[in-house]
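Structure file target.cif (mmCIF, C-alpha atoms and all ligand atoms) is printed below.
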```
data_model
loop_
_atom_site.label_atom_id
_atom_site.label_comp_id
_atom_site.auth_asym_id
_atom_site.auth_seq_id
_atom_site.Cartn_x
_atom_site.Cartn_y
_atom_site.Cartn_z
CA MET A 25 -14.78 -34.51 19.83
CA PRO A 26 -14.64 -36.31 16.48
CA ILE A 27 -13.04 -34.62 13.49
CA GLN A 28 -15.63 -32.55 11.69
CA ARG A 29 -15.55 -30.03 8.92
CA LEU A 30 -15.64 -26.42 10.04
CA SER A 31 -18.61 -24.58 8.71
CA GLU A 32 -18.07 -22.20 5.84
CA SER A 33 -18.74 -19.15 8.00
CA VAL A 34 -16.25 -20.20 10.70
CA ILE A 35 -13.60 -20.83 8.05
CA ASN A 36 -14.19 -17.46 6.48
CA ARG A 37 -14.06 -15.56 9.72
CA ILE A 38 -10.84 -17.27 10.79
CA ALA A 39 -9.24 -16.61 7.41
CA ALA A 40 -10.34 -12.99 7.45
CA GLY A 41 -8.80 -12.51 10.88
CA GLU A 42 -5.43 -13.57 9.46
CA ILE A 43 -5.47 -10.97 6.75
CA ILE A 44 -7.12 -8.05 8.49
CA ILE A 45 -5.42 -7.69 11.83
CA GLN A 46 -5.82 -3.95 12.21
CA PRO A 47 -7.85 -1.34 10.35
CA VAL A 48 -4.69 -0.34 8.47
CA ASN A 49 -4.61 -3.77 6.80
CA ALA A 50 -8.07 -3.19 5.35
CA LEU A 51 -7.11 0.30 4.29
CA LYS A 52 -3.98 -0.90 2.51
CA GLU A 53 -5.92 -3.54 0.57
CA MET A 54 -8.45 -1.00 -0.60
CA LEU A 55 -5.78 1.53 -1.46
CA GLU A 56 -4.07 -1.07 -3.62
CA ASN A 57 -7.34 -1.96 -5.31
CA SER A 58 -7.80 1.71 -6.23
CA ILE A 59 -4.29 1.92 -7.64
CA ASP A 60 -4.85 -1.35 -9.53
CA ALA A 61 -7.98 0.27 -10.99
CA GLY A 62 -5.83 3.03 -12.48
CA ALA A 63 -7.02 5.78 -10.15
CA SER A 64 -5.23 9.13 -10.22
CA SER A 65 -7.03 10.39 -7.16
CA ILE A 66 -7.83 8.57 -3.93
CA ASP A 67 -9.73 10.18 -1.08
CA ILE A 68 -9.95 8.56 2.30
CA VAL A 69 -12.19 9.25 5.29
CA VAL A 70 -11.57 7.60 8.64
CA LYS A 71 -13.59 7.50 11.85
CA ASP A 72 -12.39 6.18 15.21
CA GLY A 73 -9.08 4.89 13.93
CA GLY A 74 -10.84 3.05 11.13
CA THR A 75 -12.98 0.87 13.35
CA LYS A 76 -16.19 2.83 12.85
CA LEU A 77 -15.59 3.88 9.28
CA LEU A 78 -13.07 3.49 6.48
CA GLN A 79 -14.14 5.03 3.24
CA ILE A 80 -12.09 5.11 0.07
CA ALA A 81 -13.22 6.89 -3.06
CA ASP A 82 -11.24 6.61 -6.27
CA ASN A 83 -11.57 7.70 -9.89
CA GLY A 84 -10.41 4.37 -11.30
CA HIS A 85 -12.16 2.28 -13.93
CA GLY A 86 -15.00 1.18 -11.68
CA ILE A 87 -16.69 -2.19 -11.44
CA ALA A 88 -19.20 -3.47 -13.97
CA LYS A 89 -22.66 -4.22 -12.63
CA GLU A 90 -22.34 -7.87 -13.73
CA ASP A 91 -19.22 -8.23 -11.57
CA LEU A 92 -20.85 -7.01 -8.39
CA PRO A 93 -22.20 -10.41 -7.25
CA LEU A 94 -18.63 -11.76 -7.14
CA LEU A 95 -16.97 -8.66 -5.67
CA CYS A 96 -16.74 -10.01 -2.14
CA GLU A 97 -16.54 -13.69 -2.91
CA ARG A 98 -13.38 -15.35 -1.64
CA PHE A 99 -10.78 -16.15 -4.31
CA ALA A 100 -12.68 -14.21 -6.94
CA THR A 101 -10.45 -11.76 -8.82
CA SER A 102 -10.24 -9.97 -12.14
CA LYS A 103 -6.43 -9.89 -11.99
CA LEU A 104 -5.17 -13.44 -12.26
CA SER A 105 -6.38 -16.51 -14.03
CA ARG A 106 -3.46 -18.90 -14.54
CA PHE A 107 -0.98 -19.71 -11.78
CA GLU A 108 1.91 -19.08 -14.19
CA ASP A 109 0.80 -15.47 -14.53
CA LEU A 110 1.93 -14.86 -10.97
CA GLU A 111 5.44 -14.69 -12.37
CA SER A 112 4.72 -11.50 -14.23
CA ILE A 113 1.89 -10.06 -12.18
CA GLN A 114 1.82 -6.26 -12.27
CA THR A 115 -1.16 -5.61 -10.05
CA TYR A 116 -1.07 -5.46 -6.28
CA GLY A 117 -3.96 -7.84 -5.98
CA PHE A 118 -4.22 -11.38 -7.28
CA ARG A 119 -5.62 -13.44 -4.41
CA GLY A 120 -9.18 -12.16 -4.51
CA GLU A 121 -9.31 -12.37 -0.75
CA ALA A 122 -9.27 -8.85 0.59
CA LEU A 123 -12.81 -7.61 0.07
CA ALA A 124 -14.17 -11.05 0.89
CA SER A 125 -12.31 -10.99 4.18
CA ILE A 126 -13.48 -7.52 5.02
CA SER A 127 -17.09 -8.42 4.26
CA HIS A 128 -16.91 -11.24 6.83
CA ILE A 129 -15.80 -8.98 9.66
CA ALA A 130 -17.39 -5.63 8.79
CA ARG A 131 -20.27 -4.06 6.90
CA LEU A 132 -19.15 -3.30 3.38
CA SER A 133 -20.92 -1.27 0.75
CA VAL A 134 -19.89 0.03 -2.62
CA VAL A 135 -20.92 2.69 -5.09
CA THR A 136 -19.29 2.24 -8.46
CA LYS A 137 -19.58 3.29 -12.07
CA THR A 138 -17.72 2.28 -15.20
CA ALA A 139 -17.27 4.57 -18.20
CA THR A 140 -19.75 2.59 -20.30
CA SER A 141 -22.51 2.49 -17.73
CA ALA A 142 -25.11 5.26 -17.71
CA VAL A 143 -25.52 5.15 -13.95
CA ALA A 144 -23.60 4.16 -10.85
CA TYR A 145 -24.68 1.19 -8.73
CA LYS A 146 -24.83 0.81 -5.02
CA ALA A 147 -24.53 -2.59 -3.36
CA PHE A 148 -24.31 -3.94 0.18
CA TYR A 149 -22.36 -6.99 1.26
CA ALA A 150 -22.35 -9.34 4.20
CA ASN A 151 -20.34 -12.54 4.60
CA GLY A 152 -19.03 -12.60 1.06
CA LYS A 153 -22.38 -12.09 -0.64
CA LEU A 154 -24.62 -9.34 -1.85
CA SER A 155 -26.96 -8.33 0.88
CA GLY A 156 -30.09 -6.25 1.05
CA GLN A 157 -30.27 -2.51 1.49
CA ASN A 158 -28.57 -1.47 4.73
CA PHE A 159 -27.35 -5.05 5.26
CA LYS A 160 -30.82 -6.49 5.82
CA SER A 161 -30.58 -10.10 4.73
CA SER A 162 -34.26 -10.42 3.85
CA ALA A 163 -34.36 -7.48 1.45
CA ASN A 164 -33.77 -7.48 -2.30
CA THR A 165 -30.03 -7.79 -2.96
CA GLU A 166 -30.06 -6.41 -6.49
CA PRO A 167 -27.56 -3.47 -6.84
CA LYS A 168 -29.46 -0.22 -6.99
CA PRO A 169 -28.89 2.47 -9.65
CA VAL A 170 -27.75 5.76 -8.11
CA ALA A 171 -26.09 8.95 -9.31
CA GLY A 172 -22.30 8.91 -9.33
CA LYS A 173 -19.06 9.54 -11.20
CA VAL A 174 -16.82 6.96 -12.85
CA GLY A 175 -14.83 5.23 -10.13
CA THR A 176 -15.43 3.33 -6.95
CA GLN A 177 -16.27 4.25 -3.41
CA ILE A 178 -16.00 1.52 -0.83
CA THR A 179 -17.34 2.03 2.67
CA VAL A 180 -16.38 -0.26 5.52
CA GLU A 181 -18.25 0.19 8.76
CA ASP A 182 -17.97 -1.44 12.18
CA LEU A 183 -14.82 -3.39 11.48
CA PHE A 184 -14.41 -6.41 13.80
CA TYR A 185 -18.01 -6.14 15.01
CA ASN A 186 -18.03 -9.93 15.21
CA LEU A 187 -14.46 -10.33 16.49
CA PRO A 188 -14.79 -8.60 19.85
CA GLN A 189 -11.39 -9.73 21.12
CA ARG A 190 -9.70 -8.29 18.08
CA LEU A 191 -11.47 -5.02 18.62
CA LYS A 192 -10.44 -4.91 22.27
CA GLY A 193 -6.86 -5.79 21.43
CA LEU A 194 -6.39 -2.80 19.15
CA LYS A 195 -4.25 0.13 20.15
CA SER A 196 -5.96 3.46 20.80
CA LYS A 197 -7.95 5.08 18.02
CA SER A 198 -5.27 7.67 17.52
CA ASP A 199 -2.59 4.98 17.22
CA GLU A 200 -4.62 3.14 14.63
CA PHE A 201 -5.19 6.39 12.80
CA SER A 202 -1.45 7.16 12.73
CA ARG A 203 -0.79 3.76 11.22
CA ILE A 204 -3.32 4.51 8.53
CA LEU A 205 -1.76 7.91 7.82
CA ASP A 206 1.67 6.33 7.71
CA VAL A 207 0.67 3.80 5.06
CA ILE A 208 -1.11 6.42 2.96
CA GLY A 209 1.99 8.61 3.24
CA ARG A 210 4.23 5.80 2.04
CA TYR A 211 2.08 5.17 -1.00
CA ALA A 212 1.85 8.90 -1.64
CA ILE A 213 5.65 9.07 -1.72
CA HIS A 214 5.88 6.20 -4.15
CA CYS A 215 2.87 6.60 -6.44
CA LYS A 216 3.64 9.78 -8.32
CA ASP A 217 0.69 9.37 -10.67
CA VAL A 218 -1.80 9.45 -7.84
CA GLY A 219 -3.00 12.25 -5.58
CA PHE A 220 -4.07 11.22 -2.09
CA SER A 221 -6.12 12.85 0.60
CA CYS A 222 -7.13 11.73 4.04
CA LYS A 223 -9.34 13.27 6.66
CA LYS A 224 -11.16 12.31 9.79
CA HIS A 225 -14.91 11.88 9.49
CA GLY A 226 -16.81 15.02 10.36
CA GLU A 227 -13.77 17.28 10.20
CA PRO A 228 -13.52 19.74 7.33
CA TYR A 229 -9.76 19.86 6.79
CA GLN A 230 -7.49 17.28 5.17
CA ILE A 231 -4.82 15.84 7.41
CA LEU A 232 -2.89 14.64 4.41
CA SER A 233 -3.18 15.88 0.87
CA THR A 234 -0.96 15.42 -2.19
CA ARG A 235 -1.42 16.06 -5.87
CA ALA A 236 -0.49 13.71 -8.69
CA GLN A 237 2.71 14.42 -10.65
CA LEU A 238 4.58 16.34 -7.97
CA PRO A 239 8.36 15.78 -8.06
CA ILE A 240 9.68 13.42 -5.41
CA LYS A 241 11.13 16.19 -3.29
CA GLU A 242 7.76 17.93 -3.12
CA ARG A 243 5.94 14.73 -2.29
CA ILE A 244 8.35 14.17 0.57
CA ARG A 245 7.89 17.74 1.72
CA THR A 246 4.11 17.40 1.76
CA ILE A 247 4.14 14.11 3.65
CA PHE A 248 7.17 14.23 5.89
CA GLY A 249 7.82 17.95 6.18
CA ASN A 250 10.30 20.61 5.24
CA SER A 251 13.32 19.52 7.21
CA ILE A 252 13.54 16.17 5.44
CA ALA A 253 12.85 17.66 2.02
CA THR A 254 15.60 20.26 2.42
CA ASP A 255 18.26 17.64 3.06
CA ILE A 256 17.13 15.12 0.49
CA LEU A 257 19.35 13.49 -2.12
CA GLU A 258 17.94 11.60 -5.03
CA VAL A 259 19.04 8.05 -5.67
CA ASP A 260 19.13 6.72 -9.19
CA LEU A 261 20.90 3.51 -9.98
CA ASP A 262 20.13 2.35 -13.46
CA THR A 263 21.71 -0.99 -14.14
CA ASN A 264 21.06 -0.75 -17.85
CA ILE A 265 23.71 1.88 -18.19
CA GLU A 266 26.89 -0.16 -18.12
CA LYS A 267 28.26 0.37 -15.59
CA GLU A 268 28.45 2.38 -12.44
CA TYR A 269 30.98 -0.09 -11.13
CA GLY A 270 32.40 -1.40 -14.37
CA THR A 271 30.37 -4.57 -14.06
CA ASP A 272 27.07 -5.70 -15.41
CA ASN A 273 24.74 -5.63 -12.43
CA SER A 274 21.79 -6.80 -14.42
CA LYS A 275 22.99 -10.35 -13.96
CA TYR A 276 21.44 -10.19 -10.51
CA GLY A 277 18.13 -9.29 -12.01
CA LEU A 278 18.29 -5.80 -10.58
CA ILE A 279 16.85 -3.38 -13.09
CA SER A 280 16.92 -0.10 -11.21
CA VAL A 281 16.96 1.53 -7.83
CA THR A 282 15.41 4.96 -7.43
CA GLY A 283 14.39 6.98 -4.44
CA ALA A 284 15.52 9.66 -2.08
CA ILE A 285 17.58 9.67 1.10
CA THR A 286 18.59 12.38 3.52
CA ASN A 287 22.17 13.63 3.60
CA SER A 288 24.39 13.88 6.64
CA ASN A 289 23.05 17.34 7.56
CA TYR A 290 19.78 15.75 8.51
CA ASN A 291 19.91 14.06 11.86
CA ASN A 292 16.60 13.40 13.41
CA LYS A 293 16.20 11.79 16.81
CA LYS A 294 12.97 10.24 15.63
CA ARG A 295 13.24 6.99 13.76
CA ILE A 296 11.10 6.77 10.63
CA PRO A 297 11.07 3.20 9.33
CA PRO A 298 12.53 3.21 5.80
CA VAL A 299 10.09 3.32 2.91
CA PHE A 300 10.89 0.37 0.67
CA PHE A 301 9.08 -0.68 -2.45
CA ILE A 302 10.10 -3.74 -4.40
CA ASN A 303 8.43 -3.97 -7.79
CA ASN A 304 5.99 -1.37 -6.49
CA ARG A 305 5.07 -3.37 -3.42
CA LEU A 306 5.45 -1.79 -0.02
CA VAL A 307 7.67 -4.20 1.89
CA ALA A 308 9.55 -4.29 5.16
CA CYS A 309 12.76 -6.00 3.92
CA GLU A 310 14.71 -6.20 7.17
CA PRO A 311 18.07 -7.11 5.57
CA LEU A 312 17.99 -4.06 3.32
CA LYS A 313 16.95 -1.88 6.23
CA ARG A 314 19.85 -3.09 8.37
CA ALA A 315 22.35 -2.68 5.56
CA VAL A 316 21.37 0.82 4.48
CA SER A 317 20.97 2.08 8.04
CA GLY A 318 24.44 0.70 8.66
CA VAL A 319 25.93 3.01 6.05
CA TYR A 320 24.66 6.01 7.98
CA GLN A 321 26.78 5.06 10.99
CA PHE A 322 29.63 6.71 9.12
CA PHE A 323 27.71 9.87 8.45
CA LEU A 324 25.41 10.55 11.38
CA PRO A 325 26.02 11.01 15.09
CA LYS A 326 24.87 8.14 17.28
CA GLY A 327 21.16 8.20 18.07
CA SER A 328 20.11 10.10 14.96
CA TYR A 329 18.32 8.62 12.04
CA PRO A 330 18.01 9.26 8.33
CA PHE A 331 14.98 9.22 6.08
CA ILE A 332 15.21 6.52 3.42
CA TYR A 333 12.94 5.86 0.49
CA LEU A 334 14.08 3.30 -2.07
CA SER A 335 12.19 1.72 -4.89
CA LEU A 336 13.75 -1.41 -6.38
CA GLN A 337 12.81 -2.86 -9.72
CA ILE A 338 13.85 -6.47 -9.97
CA ASP A 339 13.27 -8.88 -12.84
CA ALA A 340 9.80 -10.24 -12.00
CA GLN A 341 10.98 -13.80 -12.62
CA ASN A 342 13.35 -13.47 -9.67
CA VAL A 343 10.73 -12.23 -7.27
CA ASP A 344 8.24 -14.30 -5.31
CA VAL A 345 5.35 -12.12 -4.22
CA ASN A 346 3.21 -14.91 -2.87
CA ILE A 347 4.86 -15.32 0.55
CA HIS A 348 2.05 -14.16 2.74
CA PRO A 349 -1.55 -12.97 2.29
CA THR A 350 -0.64 -9.48 3.51
CA LYS A 351 2.24 -9.36 0.97
CA ARG A 352 4.40 -7.48 3.45
CA GLU A 353 7.39 -9.48 2.37
CA VAL A 354 8.63 -10.60 -1.00
CA ARG A 355 11.56 -12.90 -1.69
CA PHE A 356 14.02 -12.26 -4.44
CA LEU A 357 17.08 -14.02 -5.81
CA HIS A 358 20.61 -12.63 -5.27
CA GLU A 359 19.47 -10.72 -2.24
CA GLU A 360 22.97 -10.32 -0.81
CA GLU A 361 24.50 -9.08 -4.03
CA ILE A 362 21.68 -6.66 -4.67
CA ILE A 363 21.84 -5.25 -1.15
CA GLU A 364 25.59 -4.82 -1.50
CA LEU A 365 25.15 -2.85 -4.70
CA ILE A 366 22.68 -0.56 -3.00
CA VAL A 367 24.88 -0.10 0.03
CA ASP A 368 27.80 0.89 -2.23
CA LYS A 369 25.62 3.35 -4.07
CA VAL A 370 24.25 4.94 -0.92
CA HIS A 371 27.75 5.21 0.47
CA LEU A 372 28.93 6.86 -2.71
CA ILE A 373 26.10 9.38 -2.72
CA LEU A 374 26.54 10.30 0.92
CA SER A 375 30.30 10.64 0.76
CA SER A 376 30.31 12.72 -2.41
CA VAL A 377 27.98 15.22 -0.81
CA ASP A 378 29.95 15.13 2.39
CA THR A 379 33.22 16.14 0.69
CA SER A 380 31.61 18.90 -1.32
CA ARG A 381 30.24 20.34 1.87
CA LYS A 382 33.65 20.28 3.54
CA PHE A 383 35.13 22.01 0.53
CA LYS A 384 32.61 24.77 0.84
CA THR A 385 33.29 25.42 4.49
CA GLN A 386 37.04 25.47 3.88
CA THR A 387 37.01 28.09 1.17
P1 LIG B 401 -7.78 -8.80 -5.66
O1 LIG B 401 -7.33 -7.38 -5.55
O2 LIG B 401 -6.74 -9.77 -5.16
O3 LIG B 401 -8.30 -9.16 -7.00
P2 LIG B 401 -9.90 -7.98 -3.86
O4 LIG B 401 -10.75 -8.74 -2.92
O5 LIG B 401 -9.03 -6.92 -3.29
O6 LIG B 401 -9.01 -9.03 -4.63
O7 LIG B 401 -10.82 -7.34 -4.98
C1 LIG B 401 -11.66 -8.21 -5.74
C2 LIG B 401 -11.96 -7.63 -7.11
O8 LIG B 401 -12.79 -6.48 -6.97
C3 LIG B 401 -10.74 -7.12 -7.86
O9 LIG B 401 -10.13 -8.16 -8.61
C4 LIG B 401 -11.33 -6.03 -8.75
O10 LIG B 401 -11.84 -6.59 -9.93
C5 LIG B 401 -12.51 -5.51 -7.95
N1 LIG B 401 -12.20 -4.23 -7.25
C6 LIG B 401 -11.95 -4.07 -5.93
N2 LIG B 401 -11.74 -2.77 -5.62
C7 LIG B 401 -11.85 -2.08 -6.77
C8 LIG B 401 -11.73 -0.68 -7.13
N3 LIG B 401 -11.45 0.27 -6.22
N4 LIG B 401 -11.92 -0.34 -8.44
C9 LIG B 401 -12.21 -1.29 -9.37
N5 LIG B 401 -12.33 -2.61 -9.10
C10 LIG B 401 -12.16 -3.01 -7.83
MG MG B 402 -7.04 -6.37 -3.78
#
```

Starting from the file, give its structure as structure tokens.
Amino acid sequence: MPIQRLSESVINRIAAGEIIIQPVNALKEMLENSIDAGASSIDIVVKDGGTKLLQIADNGHGIAKEDLPLLCERFATSKLSRFEDLESIQTYGFRGEALASISHIARLSVVTKTATSAVAYKAFYANGKLSGQNFKSSANTEPKPVAGKVGTQITVEDLFYNLPQRLKGLKSKSDEFSRILDVIGRYAIHCKDVGFSCKKHGEPYQILSTRAQLPIKERIRTIFGNSIATDILEVDLDTNIEKEYGTDNSKYGLISVTGAITNSNYNNKKRIPPVFFINNRLVACEPLKRAVSGVYQFFLPKGSYPFIYLSLQIDAQNVDVNIHPTKREVRFLHEEEIIELIVDKVHLILSSVDTSRKFKTQT
């Protein structure tokens, strides 16, 4: 076969498949869009592990009617214009790829209203473009005025309808749903200005529900349960206050580390992957995970695991967020030094509690 250009639609479907691997990837993108829009409340409805339905409603700033034609166009974004701005980007999004991708592999519709608009608008999308009512390509694609509150509701139906292998390759519906709950829970721990709720379609009760402005301990209690919350210790390493260790840590670009970790009383047999945020991005960060888990070897019996939530703020100039479309990883300078500082701090916190506890039992 000679070399030929792939058609636009093949390109788009392939690209979408790289970004949206499971329903949870679509959910995370939409969650981040809602947070980027300044929402203080995000309500999620899921059906069949997210394959039949993923619906996210937020009370953010909404989308202007004029912007609707570009909403699902690839590389169209309201968050970035110059490449240099990536260095200081504060929003989760900047690639303008997520909704476009979703619209190529699912049926996407939106109801949205801005504060200055008298009405909300409803629009349907297929393959990156506005589509007619109920996804009929022949119909009028003009967004339709409807009643609604300020904010945005995005509905994604029949995810992977045109990627049958992907659909078959998914884990069970309940596995996919647990992944979705897990990601919502992680954001709910971190985003204290936002209340989250999640339920299954057709069921009346919320499976997860948090309010905005709860203290960290309460957020952890709501999401991960009483036993973790009871044994939680807060972490607060502020490198502006010279100096925890007599040195100026800010030279590594580390601004602060906050979070919460369980003490040595808590020993769960179930492993909960640590909750790490770097500059407010949910990341995996294997080296940090290994290092901090390592500290617990001194405090926990073998085969038991802690709960760890850490939020790192690092000078944005030292962080590269554009590693991968899913943004699951970021790179930052002075990784080793920064991890060492955190390990020292965690060790200090755990051992100071440990001695006070021994004192108590002795007296
Ligand atoms: P990105 O987040 O990288 O800009 P997306 O494809 O996720 O790309 O979203 C495209 C654009 O749609 C965003 O830049 C934003 O302007 C708008 N948008 C998406 N979701 C929302 C939302 N929930 N509230 C307000 N605007 C939104
Ligand atoms: Mg986005």

Residues contacting ligand LIG 401 (chain B) - anything with an atom at most 8 Å away, using only C-alpha atoms and all ligand atoms - can you give me those as a ChimeraX atom specification? /A:53-61,80-82,84-87,91,94-104,115-125,136,175-178

Give me, please, the distance in Å between CA of Phe148 in chain A and CA of Leu132 in chain A, quoted to one decimal. 6.1 Å

Residue contacts of range 274-289 of chain A (9 Å, all atoms listed in the file) excluding same-chain residues fewer than 5 positions away, as an MDAnalysis selection string: chainID A and resid 214 240:241 244 252:264 320 323:324 330:342 357:359 361:362 366 370 373:375 377:378

Check the smallest atom-to-atom distance from each of A:Cys222, A:Ile247, A:Leu238, A:Ala88 to Val174 in chain A using only C-alpha atoms, then report the winner. A:Ala88

Shortest interatomic distance to Leu183 in chain A - which of A:Ser328, A:Arg314, A:Glu90, A:Ile126, counting only C-alpha atoms: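 Among A:Ser328, A:Arg314, A:Glu90, A:Ile126, it is A:Ile126 that comes nearest to Leu183 in chain A.
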
Separation of CA of Ser376 in chain A from CA of Val316 in chain A, in Å and rounded to one decimal: 16.4 Å

Within 12 Å of Glu166 in chain A using all atoms listed in the file, minus same-chain residues under 2 positions, as number ranges by chain: A: 89-90, 92-93, 145-149, 153-157, 161-164, 168-169
